[in-house]
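Structure first, commentary second.
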Amino acid sequence: MDDLFQNSIGAATRFCAVYGQPIRHSGSPAMHNPALAKLGLDWCYLAFEVSPDALGQAIEGARAMHFAGLNLTVPHKLLAVDLVDALDESAKTWGAVNTICFEVKNDSGDWTPLGQVAGPPSGEVRAKGYNTDADAITLALQQDLGLSLAGQRVLLLGAGGAGRVATLKLAAEGVAELHLVNRTTAKAEQLAGEIAARFPQTKAVVGYPENIAGKIDLLLNATSLGLKPGDSLPLDESQFSLANAPAVFDMIYQPAVTPLLAKAADAGCRTANGLGMLLWQGAKALEIWTGQAAPIDVMRAALESHITSDE
């Protein structure tokens, strides 16, 4: 995909970036830069290691330098809700921000994405938070695992930023049962209470299914376990057997096959990693910033090439 990214950086180049900690594993630059070149835009997408206590400063720095937008990954998605000037309905609904669009007012006084304004901006620049993860989760589950979510029973590992959004989105899609497992039980209990209040048709239970032989339709890992070599499994196999989960989805996409996915495949499960989720959330972010349709095929091919080359 290198032939799609030949633009040199100049004084007129616009920037966007992803912030996270850790960030070296991110496939976002590899996906976005060929897409930006395909769209004929003099833009450059970067990645920065940003600690949680520096997130506010980093957002302000991007605003001051007139970045078009930002993506946020672990551990910033919940923190950013209180660090932006305005929230899109998607961020209000799911309670997390993974995309920021910097905006200025146009000649009519309407807030407009900075990336869609010709010439240098003038006046106030605001940061608007979006959530593009929620729809990306359901698209990935439908396309990569062939799942129709209504009525399904799900075991979800992790109740942090990504896990919270996944849990609420699955409940909104009408899953019948959600078993929530998190290192901090109180966080899972709080999330279960929110589901009961907002989506009473979905039964939310904290912990593994009571019977180790109890079957579910989907196991979804929303923790970061599996990202680093030597990580333990996010699943306690004394509490649940992978043989009882016909489908396993791991939000991690690099490595492409995590220890969880390897064990799940050995157990006969259908498996998918988080590449599809990364693709769809990134495509939506790109459309928010540019106002143009994302070149999905280019982005998918770039991601697949990037992950294969890094294995």
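The way I read the labels, and the way they are meant: chains A, B, ... in the order of the structure tokens, residue 1 as the first residue of every chain, and ligand 1 as the first ligand shown, with later ones counted on from there.
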Apply DSSP to the structure's backbone, then extract all residues of stretch 39-193 of chain A labelled strand (DSSP E or B) and return them as number ranges by chain. A: 43-49, 69-72, 86-87, 99-105, 111-113, 126-130, 153-157, 177-181
Those selected residues, please, written with N, CA and C atoms and delivered as a compact mmCIF listing (two decimals), in the first residue's frame.
```txt
# COMPACT_ATOMS: atom_id res chain seq x y z
N TRP A 43 -3.14 15.42 3.66
CA TRP A 43 -3.27 15.19 5.09
C TRP A 43 -2.27 14.13 5.51
N CYS A 44 -1.97 14.09 6.81
CA CYS A 44 -1.09 13.07 7.37
C CYS A 44 -1.66 12.61 8.71
N TYR A 45 -1.71 11.29 8.90
CA TYR A 45 -2.25 10.71 10.13
C TYR A 45 -1.09 10.16 10.96
N LEU A 46 -1.04 10.57 12.22
CA LEU A 46 0.07 10.23 13.12
C LEU A 46 -0.43 9.45 14.33
N ALA A 47 0.50 8.95 15.13
CA ALA A 47 0.16 8.24 16.37
C ALA A 47 1.06 8.76 17.49
N PHE A 48 0.48 9.01 18.65
CA PHE A 48 1.22 9.55 19.78
C PHE A 48 0.93 8.79 21.06
N GLU A 49 1.99 8.50 21.80
CA GLU A 49 1.86 7.91 23.13
C GLU A 49 1.49 9.03 24.09
N GLY A 69 -8.64 16.28 13.36
CA GLY A 69 -9.32 15.44 14.32
C GLY A 69 -8.40 14.46 15.00
N LEU A 70 -8.97 13.73 15.96
CA LEU A 70 -8.22 12.75 16.73
C LEU A 70 -9.05 11.48 16.89
N ASN A 71 -8.35 10.36 16.98
CA ASN A 71 -8.93 9.12 17.49
C ASN A 71 -8.34 8.86 18.86
N LEU A 72 -9.11 8.22 19.72
CA LEU A 72 -8.65 7.89 21.07
C LEU A 72 -8.81 6.41 21.30
N ALA A 86 -18.14 19.76 23.20
CA ALA A 86 -19.49 19.34 22.83
C ALA A 86 -19.47 17.84 22.56
N LEU A 87 -20.63 17.20 22.75
CA LEU A 87 -20.76 15.77 22.51
C LEU A 87 -21.81 15.52 21.44
N THR A 99 -13.56 9.44 19.05
CA THR A 99 -13.25 10.31 17.92
C THR A 99 -13.53 11.76 18.30
N ILE A 100 -12.59 12.63 17.98
CA ILE A 100 -12.78 14.07 18.19
C ILE A 100 -12.66 14.76 16.85
N CYS A 101 -13.60 15.64 16.58
CA CYS A 101 -13.54 16.47 15.37
C CYS A 101 -13.39 17.93 15.82
N PHE A 102 -12.37 18.59 15.31
CA PHE A 102 -12.20 20.02 15.61
C PHE A 102 -13.01 20.83 14.60
N GLU A 103 -13.75 21.80 15.11
CA GLU A 103 -14.69 22.55 14.29
C GLU A 103 -14.52 24.06 14.43
N VAL A 104 -14.89 24.77 13.39
CA VAL A 104 -14.95 26.24 13.40
C VAL A 104 -16.29 26.65 12.82
N LYS A 105 -16.67 27.90 13.03
CA LYS A 105 -17.93 28.38 12.47
C LYS A 105 -17.71 28.86 11.03
N TRP A 111 -21.30 25.40 13.05
CA TRP A 111 -20.06 24.68 13.32
C TRP A 111 -19.78 23.69 12.19
N THR A 112 -18.56 23.76 11.68
CA THR A 112 -18.15 22.97 10.52
C THR A 112 -16.82 22.30 10.80
N PRO A 113 -16.66 21.02 10.42
CA PRO A 113 -15.37 20.35 10.62
C PRO A 113 -14.23 21.14 10.01
N ARG A 126 -13.54 24.52 18.35
CA ARG A 126 -14.06 23.67 19.41
C ARG A 126 -13.78 22.19 19.10
N ALA A 127 -13.74 21.40 20.17
CA ALA A 127 -13.54 19.95 20.06
C ALA A 127 -14.88 19.26 20.31
N LYS A 128 -15.34 18.49 19.33
CA LYS A 128 -16.61 17.77 19.46
C LYS A 128 -16.32 16.28 19.51
N GLY A 129 -16.87 15.60 20.53
CA GLY A 129 -16.63 14.19 20.72
C GLY A 129 -17.69 13.31 20.10
N TYR A 130 -17.25 12.22 19.47
CA TYR A 130 -18.13 11.24 18.84
C TYR A 130 -17.78 9.85 19.35
N ARG A 153 -27.07 -14.97 23.78
CA ARG A 153 -26.50 -14.97 25.13
C ARG A 153 -25.00 -14.69 25.00
N VAL A 154 -24.51 -13.68 25.73
CA VAL A 154 -23.14 -13.20 25.54
C VAL A 154 -22.38 -13.18 26.85
N LEU A 155 -21.15 -13.67 26.80
CA LEU A 155 -20.20 -13.52 27.91
C LEU A 155 -19.21 -12.46 27.50
N LEU A 156 -19.18 -11.35 28.23
CA LEU A 156 -18.34 -10.22 27.86
C LEU A 156 -17.28 -10.00 28.93
N LEU A 157 -16.02 -10.00 28.50
CA LEU A 157 -14.87 -9.84 29.40
C LEU A 157 -14.35 -8.41 29.30
N GLU A 177 -29.20 -12.18 27.09
CA GLU A 177 -28.43 -12.25 28.34
C GLU A 177 -27.02 -11.72 28.13
N LEU A 178 -26.53 -11.01 29.14
CA LEU A 178 -25.15 -10.52 29.16
C LEU A 178 -24.53 -10.93 30.48
N HIS A 179 -23.48 -11.73 30.41
CA HIS A 179 -22.70 -12.09 31.59
C HIS A 179 -21.44 -11.23 31.59
N LEU A 180 -21.31 -10.38 32.60
CA LEU A 180 -20.24 -9.38 32.64
C LEU A 180 -19.15 -9.80 33.62
N VAL A 181 -17.93 -9.92 33.10
CA VAL A 181 -16.78 -10.28 33.92
C VAL A 181 -15.76 -9.16 33.84
```
Non-local contacts of A:Pro295 (10 Å; only C-alpha atoms; under 6 positions in same chain excluded) as a PDB file with N, CA and C atoms, in the first residue's frame:
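So around11.pdb came out as:
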```pdb
ATOM      1  N   HIS A  32      -5.230   4.767   7.722  1.00  0.00           N
ATOM      2  CA  HIS A  32      -5.726   6.090   7.333  1.00  0.00           C
ATOM      3  C   HIS A  32      -4.882   6.777   6.262  1.00  0.00           C
ATOM      4  N   PRO A  34      -3.095   5.651   3.584  1.00  0.00           N
ATOM      5  CA  PRO A  34      -3.466   5.298   2.213  1.00  0.00           C
ATOM      6  C   PRO A  34      -4.865   5.802   1.838  1.00  0.00           C
ATOM      7  N   ALA A  35      -5.783   5.815   2.809  1.00  0.00           N
ATOM      8  CA  ALA A  35      -7.133   6.308   2.532  1.00  0.00           C
ATOM      9  C   ALA A  35      -7.117   7.792   2.212  1.00  0.00           C
ATOM     10  N   LEU A  36      -6.344   8.561   2.974  1.00  0.00           N
ATOM     11  CA  LEU A  36      -6.242   9.998   2.729  1.00  0.00           C
ATOM     12  C   LEU A  36      -5.626  10.279   1.362  1.00  0.00           C
ATOM     13  N   LYS A  38      -5.772   8.229  -1.209  1.00  0.00           N
ATOM     14  CA  LYS A  38      -6.774   7.829  -2.188  1.00  0.00           C
ATOM     15  C   LYS A  38      -7.801   8.933  -2.410  1.00  0.00           C
ATOM     16  N   LEU A  39      -8.133   9.654  -1.347  1.00  0.00           N
ATOM     17  CA  LEU A  39      -9.093  10.754  -1.442  1.00  0.00           C
ATOM     18  C   LEU A  39      -8.467  12.020  -2.027  1.00  0.00           C
ATOM     19  N   ALA A 283     -13.349   4.212   9.489  1.00  0.00           N
ATOM     20  CA  ALA A 283     -14.020   4.719   8.294  1.00  0.00           C
ATOM     21  C   ALA A 283     -15.013   5.815   8.651  1.00  0.00           C
ATOM     22  N   LEU A 286     -13.170   9.021   9.600  1.00  0.00           N
ATOM     23  CA  LEU A 286     -12.664   9.691   8.399  1.00  0.00           C
ATOM     24  C   LEU A 286     -13.768  10.462   7.698  1.00  0.00           C
ATOM     25  N   GLU A 287     -14.968   9.881   7.650  1.00  0.00           N
ATOM     26  CA  GLU A 287     -16.085  10.560   7.008  1.00  0.00           C
ATOM     27  C   GLU A 287     -16.522  11.798   7.788  1.00  0.00           C
TER      28      GLU A 287
END
```
Pull the helix (DSSP H, G or I) assignments for stretch 150-253 of chain A out of DSSP run on the backbone, and list those residues as a list in words.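 Secondary structure check on stretch 150-253 of chain A, helix (DSSP H, G or I): Gly161, Ala162, Gly163, Arg164, Val165, Ala166, Thr167, Leu168, Lys169, Leu170, Ala171, Ala172, Thr185, Ala186, Lys187, Ala188, Glu189, Gln190, Leu191, Ala192, Gly193, Glu194, Ile195, Ala196, Ala197, Arg198, Leu242, Ala243 and Asn244 of chain A.
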Give me, as CSV, each residue of stretch 41-120 of chain A that comes within 12 Å of stretch 223-244 of chain A, together with its shortest interatomic pair and the distance in Å at one decimal, counting only C-alpha atoms, with rows ordered by chain and rising residue number.
```
residue,atom,partner,partner_atom,distance
A:Thr73,CA,A:Ser224,CA,11.1
A:Val74,CA,A:Ser224,CA,8.5
A:Pro75,CA,A:Ser224,CA,10.0
```
Can you spit out the residues from that selection as an mmCIF file, in the first residue's frame, using N, CA and C atoms?
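Contents of again_12.cif, as written:
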```
data_model
loop_
_atom_site.group_PDB
_atom_site.id
_atom_site.type_symbol
_atom_site.label_atom_id
_atom_site.label_comp_id
_atom_site.auth_asym_id
_atom_site.auth_seq_id
_atom_site.Cartn_x
_atom_site.Cartn_y
_atom_site.Cartn_z
ATOM 1 N N THR A 73 -7.772 5.797 21.834
ATOM 2 C CA THR A 73 -7.848 4.392 22.186
ATOM 3 C C THR A 73 -7.522 4.242 23.664
ATOM 4 N N VAL A 74 -7.293 3.012 24.111
ATOM 5 C CA VAL A 74 -7.026 2.725 25.529
ATOM 6 C C VAL A 74 -5.909 3.628 26.035
ATOM 7 N N PRO A 75 -6.090 4.312 27.195
ATOM 8 C CA PRO A 75 -7.212 4.245 28.139
ATOM 9 C C PRO A 75 -8.036 5.528 28.175
#
```
Nearest residue to A:Ala264 from the set A:Leu55, A:Leu219, A:Leu141, A:Leu303 (distances using only C-alpha atoms):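 Of all the options, A:Leu219 lies closest to A:Ala264.
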Among A:Leu139, A:Val205, A:Ile23, A:Leu191, A:Glu173 is approached most closely, using only C-alpha atoms, by A:Leu139
Got a sec: who's within 12 Å of A:Leu41, counting only C-alpha atoms, leaving out chain neighbours fewer than 3 positions off, as an MDAnalysis selection string? chainID A and resid 4:9 12:15 32:38 44:45 68 115:116 286 289:292
Prev. selection, N, CA and C atoms, output as a tab-separated table (two decimals), in the first residue's frame:
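Output (result-v3.tsv):
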```
chain	number	residue	atom	x	y	z
A	4	LEU	N	0.23	4.24	-2.37
A	4	LEU	CA	-0.91	5.13	-2.16
A	4	LEU	C	-0.58	6.28	-1.21
A	5	PHE	N	0.64	6.26	-0.64
A	5	PHE	CA	0.98	7.31	0.31
A	5	PHE	C	2.34	7.88	-0.06
A	6	GLN	N	2.32	8.78	-1.05
A	6	GLN	CA	3.55	9.34	-1.55
A	6	GLN	C	3.62	10.85	-1.34
A	7	ASN	N	2.58	11.43	-0.71
A	7	ASN	CA	2.57	12.87	-0.51
A	7	ASN	C	3.65	13.27	0.48
A	8	SER	N	4.36	14.33	0.16
A	8	SER	CA	5.32	14.87	1.13
A	8	SER	C	4.59	15.84	2.05
A	9	ILE	N	5.11	16.00	3.25
A	9	ILE	CA	4.50	16.90	4.22
A	9	ILE	C	5.00	18.32	3.98
A	12	ALA	N	1.11	23.30	4.14
A	12	ALA	CA	-0.34	23.26	4.00
A	12	ALA	C	-0.93	21.92	4.45
A	13	THR	N	-0.10	20.96	4.82
A	13	THR	CA	-0.59	19.65	5.21
A	13	THR	C	-1.43	19.73	6.48
A	14	ARG	N	-2.57	19.07	6.46
A	14	ARG	CA	-3.40	18.96	7.65
A	14	ARG	C	-3.06	17.66	8.38
A	15	PHE	N	-3.25	17.68	9.70
A	15	PHE	CA	-2.90	16.50	10.50
A	15	PHE	C	-4.09	15.98	11.27
A	32	HIS	N	-5.23	4.77	7.72
A	32	HIS	CA	-5.73	6.09	7.33
A	32	HIS	C	-4.88	6.78	6.26
A	33	ASN	N	-3.56	6.64	6.32
A	33	ASN	CA	-2.74	7.38	5.35
A	33	ASN	C	-2.99	6.95	3.90
A	34	PRO	N	-3.09	5.65	3.58
A	34	PRO	CA	-3.47	5.30	2.21
A	34	PRO	C	-4.86	5.80	1.84
A	35	ALA	N	-5.78	5.81	2.81
A	35	ALA	CA	-7.13	6.31	2.53
A	35	ALA	C	-7.12	7.79	2.21
A	36	LEU	N	-6.34	8.56	2.97
A	36	LEU	CA	-6.24	10.00	2.73
A	36	LEU	C	-5.63	10.28	1.36
A	37	ALA	N	-4.61	9.48	1.00
A	37	ALA	CA	-4.00	9.63	-0.32
A	37	ALA	C	-4.99	9.29	-1.43
A	38	LYS	N	-5.77	8.23	-1.21
A	38	LYS	CA	-6.77	7.83	-2.19
A	38	LYS	C	-7.80	8.93	-2.41
A	44	CYS	N	-1.97	14.09	6.81
A	44	CYS	CA	-1.09	13.07	7.37
A	44	CYS	C	-1.66	12.61	8.71
A	45	TYR	N	-1.71	11.29	8.90
A	45	TYR	CA	-2.25	10.71	10.13
A	45	TYR	C	-1.09	10.16	10.96
A	68	ALA	N	-7.19	18.31	12.18
A	68	ALA	CA	-8.55	18.06	11.72
A	68	ALA	C	-9.33	17.24	12.73
A	115	GLY	N	-11.49	20.21	8.87
A	115	GLY	CA	-10.96	19.60	7.67
A	115	GLY	C	-11.76	19.90	6.42
A	116	GLN	N	-12.95	20.48	6.59
A	116	GLN	CA	-13.79	20.80	5.44
A	116	GLN	C	-13.83	22.30	5.16
A	286	LEU	N	-13.17	9.02	9.60
A	286	LEU	CA	-12.66	9.69	8.40
A	286	LEU	C	-13.77	10.46	7.70
A	289	TRP	N	-14.51	13.72	9.61
A	289	TRP	CA	-13.49	14.76	9.40
A	289	TRP	C	-13.53	15.35	8.00
A	290	THR	N	-13.67	14.50	6.99
A	290	THR	CA	-13.50	14.94	5.60
A	290	THR	C	-14.79	15.27	4.89
A	291	GLY	N	-15.91	14.69	5.33
A	291	GLY	CA	-17.15	14.87	4.61
A	291	GLY	C	-17.23	14.03	3.35
A	292	GLN	N	-16.29	13.10	3.18
A	292	GLN	CA	-16.26	12.23	2.01
A	292	GLN	C	-16.45	10.77	2.42
```
Would you give me, as a Markdown table, each residue of stretch 75-98 of chain A having an atom within 12 Å of an atom of stretch 164-170 of chain A, along with its shortest atom pair and that distance in Å to one decimal, using only C-alpha atoms and sorting by chain and residue number?
```
| residue | atom | partner | partner_atom | distance |
| --- | --- | --- | --- | --- |
| A:Lys77 | CA | A:Val165 | CA | 9.8 |
| A:Leu78 | CA | A:Arg164 | CA | 9.5 |
| A:Ser90 | CA | A:Val165 | CA | 10.5 |
| A:Ala91 | CA | A:Val165 | CA | 9.7 |
| A:Lys92 | CA | A:Val165 | CA | 11.1 |
| A:Thr93 | CA | A:Leu168 | CA | 9.0 |
| A:Trp94 | CA | A:Val165 | CA | 5.6 |
| A:Gly95 | CA | A:Val165 | CA | 7.3 |
| A:Ala96 | CA | A:Val165 | CA | 7.1 |
| A:Val97 | CA | A:Val165 | CA | 9.8 |
| A:Asn98 | CA | A:Val165 | CA | 10.5 |
```
Work out how far apart atom CA of A:Gln201 and atom CA of A:Ile216 are and give it in Å to one decimal.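 Computed distance, atom CA of A:Gln201 to atom CA of A:Ile216, equals 17.4 Å.
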Take atom CA of A:Leu218 and atom CA of A:Thr184 and report the distance between them in Å, one decimal.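 Separation between atom CA of A:Leu218 and atom CA of A:Thr184: 21.8 Å.
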Have a look at atom CA of A:Ala188 and atom CA of A:Gly161 and let me know their distance in Å, one decimal.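 Between atom CA of A:Ala188 and atom CA of A:Gly161 the gap is 11.9 Å.
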Identify which of the residues A:Asn131, A:Met277, A:Pro209, A:Asp42 lies closest to A:Gly10, counting only C-alpha atoms when measuring atom-to-atom distances. A:Asp42
A:Leu278 surroundings by only C-alpha atoms, 8 Å radius, close-in-sequence under 4 positions cut, as number ranges by chain: A: 28, 136, 274, 282
